[in-house]
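Peer 1: Dropping the structure in here first, questions after.
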Amino acid sequence: MNSESTPRIVAKGNSALGPTLKTRLELQAMREAGRVVAFAVRKAFEALEQGITTRELDEIARGAIKSEGAEPGFLGLYGFPATACISVNEEIVHGIPGDRIVQSGDLVTLDCGVLVDGYNSDYAVTEVAGHSTIEKDCLIQTTSESLEMGIKAARQGNRIGDISNAIEQYVIPRSYELVREYVGHGIGKRLHEPPQVPNFGPTGQGLELQVGLVLAIEPMVNVGGWQTRILDDGWTVVTADGSLSCHFEHTVAITEDGPLVLTVE
């Protein structure tokens with residue numbers, strides 16, 4: 001889930017509080033939250049097939065989180081009505097799970113968060129249900145690898161712009177576009193903390209990365225243009241031109257030994 005989201009999220013953010021640096025104990029809680037969310041998303045995707053509804057995928061993710069003794073981080077946040085944001089094909093982020101039936105070939109994104117001891121994780125993966133195509137496989141690969149490039153740049157002494165630029169320089173030469181209105185963010189006791197982490201921009205700009213800073217890095221890549229619009233439900237963000245979109249996200253801690261991905265089992 002993004003810090004630059006629907007207007008209700010922008011209004012509720014508190015940028016005046018500034019970035020927070022986490023202690024080892026706090027990182028342990030966030031690492032557990034990351035483990036659980038990765039587990040929950042995997043369990044949901046294990047059930048991904050033609051005929052399942054997005055609501056059923058959401059229920060699987062919620063059950064997996066509860067089975068680990070954790071709490072969903074998105075449910076009720078800013079009024080969001082589900083455990084996971086589930087977005088399909090041209091939907092970029094914040095899709096509300098419901099009666100939509102997944103079809104073979106659909107591009108499905110699960111964006112989910114978990115709370116452990118008051119600390120958040122944030123994680124997103126895109127997969128294809130059933131039969132895929134070269135176009136969809138290339139989009140998924142590019143988005144996933146651009147996230148890896150951004151994570152590699154998340155090192156002590158670098159700046160936010162180095163992450164942003166690493167993602168942009170990987171995506172744009174491959175003839176895709178990056179969503180610009182929705183960006184990554186700091187994360188901790190609040191899901192959305194400063195700083196914002198755009199997926200584009202020049203190197204050497206923005207906040208200097210310090211040990212203990214934790215970021216949700218999340219490129220959103222479109223086959224067509226970067227422009228977006230919000231559906232009448234007030235949540236679901238789609239590509240303005242109806243083109244396919246893909247979204248990957250990890251929660252990443254800045255450590256003395258380099259970036260540490262927290263959202264893994």
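FYI, nothing fancy with the structure tokens labels: chains A, B, ... in order, residues from 1 per chain, ligands from 1 as they appear.
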Could you tell me, as number ranges by chain, which residues of segment 90-193 of chain A DSSP assigns to alpha helix (DSSP H) when given the backbone?
Peer 2: A: 134-152, 160-171
Peer 1: Now that the selection is made, can you save its residues with N, CA and C atoms as a tab-separated table (two decimals), in the first residue's frame?
Peer 2:
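Contents of out-v2.tsv, as written:
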```
chain	number	residue	atom	x	y	z
A	134	ILE	N	4.24	-14.15	-23.33
A	134	ILE	CA	5.57	-13.55	-23.29
A	134	ILE	C	5.48	-12.11	-22.79
A	135	GLU	N	4.45	-11.38	-23.24
A	135	GLU	CA	4.28	-9.98	-22.82
A	135	GLU	C	4.15	-9.88	-21.31
A	136	LYS	N	3.32	-10.73	-20.73
A	136	LYS	CA	3.10	-10.66	-19.28
A	136	LYS	C	4.32	-11.14	-18.51
A	137	ASP	N	4.96	-12.19	-19.01
A	137	ASP	CA	6.17	-12.69	-18.34
A	137	ASP	C	7.27	-11.64	-18.33
A	138	CYS	N	7.43	-10.92	-19.44
A	138	CYS	CA	8.46	-9.88	-19.53
A	138	CYS	C	8.15	-8.72	-18.60
A	139	LEU	N	6.86	-8.35	-18.50
A	139	LEU	CA	6.45	-7.28	-17.59
A	139	LEU	C	6.75	-7.65	-16.15
A	140	ILE	N	6.40	-8.88	-15.76
A	140	ILE	CA	6.66	-9.34	-14.40
A	140	ILE	C	8.15	-9.38	-14.12
A	141	GLN	N	8.93	-9.90	-15.05
A	141	GLN	CA	10.37	-10.00	-14.85
A	141	GLN	C	11.00	-8.63	-14.71
A	142	THR	N	10.60	-7.70	-15.56
A	142	THR	CA	11.17	-6.36	-15.50
A	142	THR	C	10.84	-5.68	-14.18
A	143	THR	N	9.60	-5.79	-13.73
A	143	THR	CA	9.20	-5.14	-12.48
A	143	THR	C	9.92	-5.75	-11.30
A	144	SER	N	9.98	-7.08	-11.25
A	144	SER	CA	10.67	-7.75	-10.15
A	144	SER	C	12.15	-7.39	-10.12
A	145	GLU	N	12.78	-7.39	-11.28
A	145	GLU	CA	14.21	-7.07	-11.33
A	145	GLU	C	14.48	-5.61	-11.04
A	146	SER	N	13.55	-4.73	-11.39
A	146	SER	CA	13.74	-3.31	-11.06
A	146	SER	C	13.70	-3.11	-9.54
A	147	LEU	N	12.86	-3.89	-8.86
A	147	LEU	CA	12.85	-3.84	-7.40
A	147	LEU	C	14.21	-4.29	-6.86
A	148	GLU	N	14.77	-5.33	-7.42
A	148	GLU	CA	16.10	-5.78	-6.99
A	148	GLU	C	17.13	-4.68	-7.18
A	149	MET	N	17.05	-3.94	-8.29
A	149	MET	CA	17.98	-2.84	-8.52
A	149	MET	C	17.82	-1.75	-7.46
A	150	GLY	N	16.57	-1.45	-7.12
A	150	GLY	CA	16.32	-0.45	-6.09
A	150	GLY	C	16.85	-0.89	-4.73
A	151	ILE	N	16.66	-2.17	-4.41
A	151	ILE	CA	17.14	-2.69	-3.13
A	151	ILE	C	18.66	-2.62	-3.05
A	152	LYS	N	19.34	-2.94	-4.13
A	152	LYS	CA	20.80	-2.88	-4.14
A	152	LYS	C	21.32	-1.48	-3.84
A	160	ILE	N	17.85	8.65	-1.11
A	160	ILE	CA	16.62	8.12	-1.67
A	160	ILE	C	16.66	8.15	-3.20
A	161	GLY	N	17.20	9.23	-3.75
A	161	GLY	CA	17.27	9.36	-5.20
A	161	GLY	C	18.08	8.27	-5.87
A	162	ASP	N	19.02	7.68	-5.17
A	162	ASP	CA	19.80	6.59	-5.75
A	162	ASP	C	18.93	5.34	-5.93
A	163	ILE	N	18.01	5.11	-5.01
A	163	ILE	CA	17.04	4.02	-5.17
A	163	ILE	C	16.12	4.32	-6.36
A	164	SER	N	15.58	5.52	-6.36
A	164	SER	CA	14.66	5.92	-7.42
A	164	SER	C	15.29	5.79	-8.79
A	165	ASN	N	16.50	6.29	-8.92
A	165	ASN	CA	17.17	6.29	-10.22
A	165	ASN	C	17.52	4.89	-10.68
A	166	ALA	N	17.90	4.03	-9.74
A	166	ALA	CA	18.24	2.65	-10.10
A	166	ALA	C	17.04	1.94	-10.70
A	167	ILE	N	15.86	2.18	-10.15
A	167	ILE	CA	14.64	1.59	-10.70
A	167	ILE	C	14.33	2.17	-12.07
A	168	GLU	N	14.38	3.48	-12.17
A	168	GLU	CA	14.05	4.14	-13.45
A	168	GLU	C	14.99	3.71	-14.56
A	169	GLN	N	16.28	3.66	-14.26
A	169	GLN	CA	17.26	3.31	-15.29
A	169	GLN	C	17.14	1.86	-15.75
A	170	TYR	N	16.49	1.03	-14.94
A	170	TYR	CA	16.27	-0.35	-15.36
A	170	TYR	C	14.99	-0.48	-16.19
A	171	VAL	N	13.96	0.27	-15.83
A	171	VAL	CA	12.64	0.09	-16.46
A	171	VAL	C	12.51	0.82	-17.79
```
Peer 1: Enumerate, in order of chain and increasing residue number, the residues of segment 43-148 of chain A with an atom no farther than 7 Å from segment 229-238 of chain A, each with its shortest atom pair and distance in Å to one decimal, counting only C-alpha atoms, as a tab-separated table.
Peer 2:
```
residue	atom	partner	partner_atom	distance
A:Glu90	CA	A:Val238	CA	5.5
A:Glu91	CA	A:Val238	CA	4.2
A:Ile92	CA	A:Val238	CA	5.2
A:Val93	CA	A:Val237	CA	5.4
A:His94	CA	A:Thr236	CA	4.8
A:Gly95	CA	A:Thr236	CA	4.5
A:Ile96	CA	A:Thr236	CA	6.7
```
Peer 1: So, with only C-alpha atoms as the atoms that count, which of A:Gly157, A:Gly186, A:Gly206, A:Gly51 lies closest to Asp106 of chain A?
Peer 2: A:Gly51
Peer 1: Measuring atom to atom with only C-alpha atoms, identify which of A:Asn89, A:Thr53, A:Thr23, A:Gln28 is nearest to Val211 of chain A.
Peer 2: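 Of A:Asn89, A:Thr53, A:Thr23, A:Gln28, the one nearest Val211 of chain A, counting only C-alpha atoms, is A:Thr23.
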Peer 1: Counting only C-alpha atoms, figure out which residue out of A:Ser245, A:Gln50, A:Ser104, A:Asn158 gets nearest to Gly204 of chain A.
Peer 2: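 Of A:Ser245, A:Gln50, A:Ser104, A:Asn158, the one nearest Gly204 of chain A, counting only C-alpha atoms, is A:Asn158.
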Peer 1: If you measure from atom CA of Gly98 of chain A to atom CA of Asp111 of chain A, what distance in Å do you get, rounded to one decimal?
Peer 2: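 Between atom CA of Gly98 of chain A and atom CA of Asp111 of chain A the gap works out to 15.0 Å.
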Peer 1: Identify which of the residues A:Asn199, A:Thr83, A:Thr255, A:Thr133 lies closest to Val214 of chain A, counting only C-alpha atoms when measuring atom-to-atom distances.
Peer 2: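 With only C-alpha atoms as the atom set, the closest residue is A:Thr255.
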Peer 1: Please identify all polymer residues within 10 Å of Gln103 of chain A, counting only C-alpha atoms, omitting same-chain residues fewer than 4 positions from it, and present them as a VMD selection string.
Peer 2: chain A and resid 48 to 53 88 107 to 108 128 to 131
Peer 1: Restricting the calculation to only C-alpha atoms: of A:Leu207, A:Val179, A:Met1, A:Ile187, which residue gets closest to Gly224 of chain A?
Peer 2: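 Closest to Gly224 of chain A of all the choices is A:Val179.
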Peer 1: Skipping near chain neighbours, those fewer than 4 positions away, what residues fall within 8 Å of Met30 of chain A using only C-alpha atoms, listed as a list in words?
Peer 2: Glu26, Gly34, Val116, Tyr119, Asn120, Ser121, Gly188 and Leu262 of chain A
Peer 1: Could the residues in this selection be saved with C-alpha atoms as a compact mmCIF listing (two decimals), in the first residue's frame?
Peer 2:
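This is the output file again_12.txt:
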```
# COMPACT_ATOMS: atom_id res chain seq x y z
CA GLU A 26 12.19 -3.20 16.60
CA GLY A 34 7.68 -9.59 7.10
CA VAL A 116 3.40 -7.83 14.84
CA TYR A 119 5.14 -2.92 13.81
CA ASN A 120 4.18 -3.11 10.13
CA SER A 121 5.33 -4.98 7.08
CA GLY A 188 7.52 1.19 11.15
CA LEU A 262 12.46 -8.22 5.81
```
Peer 1: Would you list the contacts of Glu59 of chain A as a ChimeraX atom specification, taking every protein, DNA or RNA residue within 12 Å and counting only C-alpha atoms, but skipping same-chain residues closer than 6 positions in sequence?
Peer 2: /A:40-41,43-45,47,52-53,65-66,72,75,82-86,97-98
Peer 1: Find the distance between atom CA of Leu209 of chain A and atom CA of Gln156 of chain A and write it in Å to one decimal.
Peer 2: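 Between atom CA of Leu209 of chain A and atom CA of Gln156 of chain A the gap works out to 5.1 Å.
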Peer 1: As a PyMOL selection string, please: every residue in segment 47-227 of chain A that a backbone DSSP assignment puts in strand (DSSP E).
Peer 2: chain A and resi 71-72+84-88+91-93+107-116+119-128+177-178+184-186+193-197+214-217+220-222
Peer 1: Put those residues in a file: N, CA and C atoms, as a tab-separated table (two decimals), in the first residue's frame.
Peer 2:
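Final output, again_17.tsv:
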```tsv
chain	number	residue	atom	x	y	z
A	71	GLU	N	-1.73	-9.87	13.01
A	71	GLU	CA	-2.92	-9.12	12.63
A	71	GLU	C	-2.73	-8.50	11.24
A	72	PRO	N	-3.81	-8.47	10.44
A	72	PRO	CA	-3.73	-7.77	9.15
A	72	PRO	C	-3.43	-6.29	9.36
A	84	ALA	N	-6.08	-7.64	2.04
A	84	ALA	CA	-5.12	-7.39	0.96
A	84	ALA	C	-5.74	-6.50	-0.10
A	85	CYS	N	-4.91	-5.68	-0.73
A	85	CYS	CA	-5.30	-5.01	-1.96
A	85	CYS	C	-5.05	-6.02	-3.09
A	86	ILE	N	-6.09	-6.35	-3.86
A	86	ILE	CA	-5.94	-7.31	-4.94
A	86	ILE	C	-6.33	-6.61	-6.24
A	87	SER	N	-5.34	-6.46	-7.12
A	87	SER	CA	-5.51	-5.69	-8.34
A	87	SER	C	-5.28	-6.60	-9.55
A	88	VAL	N	-6.12	-6.46	-10.57
A	88	VAL	CA	-6.12	-7.37	-11.71
A	88	VAL	C	-5.93	-6.61	-13.02
A	91	GLU	N	-5.56	-2.79	-13.29
A	91	GLU	CA	-5.59	-2.22	-11.95
A	91	GLU	C	-4.17	-2.21	-11.39
A	92	ILE	N	-3.75	-1.06	-10.86
A	92	ILE	CA	-2.38	-0.89	-10.40
A	92	ILE	C	-2.25	-1.23	-8.92
A	93	VAL	N	-3.03	-0.55	-8.09
A	93	VAL	CA	-2.99	-0.73	-6.64
A	93	VAL	C	-4.37	-0.50	-6.05
A	107	LEU	N	-3.53	-11.04	-14.88
A	107	LEU	CA	-2.37	-10.57	-14.11
A	107	LEU	C	-2.88	-10.12	-12.75
A	108	VAL	N	-2.49	-10.81	-11.68
A	108	VAL	CA	-3.06	-10.57	-10.36
A	108	VAL	C	-1.97	-10.11	-9.38
A	109	THR	N	-2.22	-8.98	-8.74
A	109	THR	CA	-1.30	-8.45	-7.73
A	109	THR	C	-1.94	-8.54	-6.35
A	110	LEU	N	-1.21	-9.11	-5.40
A	110	LEU	CA	-1.58	-9.07	-3.99
A	110	LEU	C	-0.62	-8.15	-3.27
A	111	ASP	N	-1.17	-7.11	-2.66
A	111	ASP	CA	-0.42	-6.15	-1.85
A	111	ASP	C	-0.98	-6.26	-0.44
A	112	CYS	N	-0.13	-6.64	0.52
A	112	CYS	CA	-0.64	-7.01	1.84
A	112	CYS	C	0.31	-6.52	2.93
A	113	GLY	N	-0.24	-6.28	4.11
A	113	GLY	CA	0.57	-5.87	5.25
A	113	GLY	C	0.19	-6.64	6.49
A	114	VAL	N	1.13	-6.74	7.42
A	114	VAL	CA	0.92	-7.47	8.67
A	114	VAL	C	1.45	-6.64	9.83
A	115	LEU	N	0.78	-6.77	10.97
A	115	LEU	CA	1.21	-6.13	12.22
A	115	LEU	C	1.67	-7.18	13.22
A	116	VAL	N	2.88	-6.99	13.77
A	116	VAL	CA	3.40	-7.83	14.84
A	116	VAL	C	3.96	-6.91	15.92
A	119	TYR	N	4.27	-3.31	14.93
A	119	TYR	CA	5.14	-2.92	13.81
A	119	TYR	C	4.63	-3.54	12.51
A	120	ASN	N	4.75	-2.76	11.42
A	120	ASN	CA	4.18	-3.11	10.13
A	120	ASN	C	5.17	-3.76	9.19
A	121	SER	N	4.63	-4.56	8.28
A	121	SER	CA	5.33	-4.98	7.08
A	121	SER	C	4.44	-4.64	5.88
A	122	ASP	N	5.03	-4.56	4.69
A	122	ASP	CA	4.30	-4.21	3.47
A	122	ASP	C	4.96	-4.96	2.32
A	123	TYR	N	4.15	-5.67	1.53
A	123	TYR	CA	4.70	-6.63	0.57
A	123	TYR	C	3.74	-6.78	-0.60
A	124	ALA	N	4.27	-6.83	-1.81
A	124	ALA	CA	3.41	-7.02	-2.99
A	124	ALA	C	4.10	-7.91	-4.01
A	125	VAL	N	3.29	-8.76	-4.64
A	125	VAL	CA	3.76	-9.68	-5.68
A	125	VAL	C	2.71	-9.73	-6.78
A	126	THR	N	3.16	-9.86	-8.02
A	126	THR	CA	2.25	-10.06	-9.15
A	126	THR	C	2.54	-11.40	-9.80
A	127	GLU	N	1.47	-12.16	-10.08
A	127	GLU	CA	1.58	-13.42	-10.80
A	127	GLU	C	0.46	-13.52	-11.83
A	128	VAL	N	0.60	-14.46	-12.75
A	128	VAL	CA	-0.42	-14.72	-13.75
A	128	VAL	C	-1.20	-15.97	-13.36
A	177	GLU	N	6.68	2.13	-18.68
A	177	GLU	CA	6.55	3.38	-17.93
A	177	GLU	C	6.37	3.07	-16.45
A	178	LEU	N	6.82	4.00	-15.61
A	178	LEU	CA	6.68	3.89	-14.16
A	178	LEU	C	5.58	4.81	-13.67
A	184	GLY	N	6.76	4.58	-2.99
A	184	GLY	CA	7.10	3.87	-1.77
A	184	GLY	C	7.21	4.82	-0.59
A	185	HIS	N	7.63	4.28	0.58
A	185	HIS	CA	7.54	5.07	1.80
A	185	HIS	C	8.34	4.44	2.92
A	186	GLY	N	8.63	5.23	3.93
A	186	GLY	CA	9.14	4.68	5.17
A	186	GLY	C	8.06	3.88	5.87
A	193	GLU	N	5.33	6.13	6.79
A	193	GLU	CA	6.20	7.10	7.43
A	193	GLU	C	7.04	7.80	6.36
A	194	PRO	N	7.55	9.00	6.64
A	194	PRO	CA	8.54	9.56	5.76
A	194	PRO	C	9.79	8.69	5.75
A	195	PRO	N	10.57	8.73	4.69
A	195	PRO	CA	10.42	9.56	3.49
A	195	PRO	C	9.61	8.86	2.41
A	196	GLN	N	9.12	9.63	1.45
A	196	GLN	CA	8.58	9.03	0.25
A	196	GLN	C	9.73	8.46	-0.59
A	197	VAL	N	9.43	7.38	-1.31
A	197	VAL	CA	10.46	6.72	-2.15
A	197	VAL	C	9.92	6.62	-3.57
A	214	VAL	N	13.90	2.00	7.69
A	214	VAL	CA	13.23	0.91	6.98
A	214	VAL	C	12.30	1.51	5.93
A	215	LEU	N	12.39	0.98	4.73
A	215	LEU	CA	11.66	1.51	3.59
A	215	LEU	C	10.82	0.43	2.93
A	216	ALA	N	9.64	0.82	2.44
A	216	ALA	CA	8.85	-0.03	1.55
A	216	ALA	C	9.14	0.46	0.13
A	217	ILE	N	9.89	-0.34	-0.61
A	217	ILE	CA	10.27	0.01	-1.98
A	217	ILE	C	9.34	-0.75	-2.92
A	220	MET	N	5.92	0.24	-9.60
A	220	MET	CA	4.69	-0.10	-10.33
A	220	MET	C	4.94	0.24	-11.79
A	221	VAL	N	4.89	-0.77	-12.64
A	221	VAL	CA	5.34	-0.63	-14.03
A	221	VAL	C	4.16	-0.89	-14.97
A	222	ASN	N	3.98	0.02	-15.93
A	222	ASN	CA	2.89	-0.08	-16.89
A	222	ASN	C	3.40	-0.40	-18.29
```
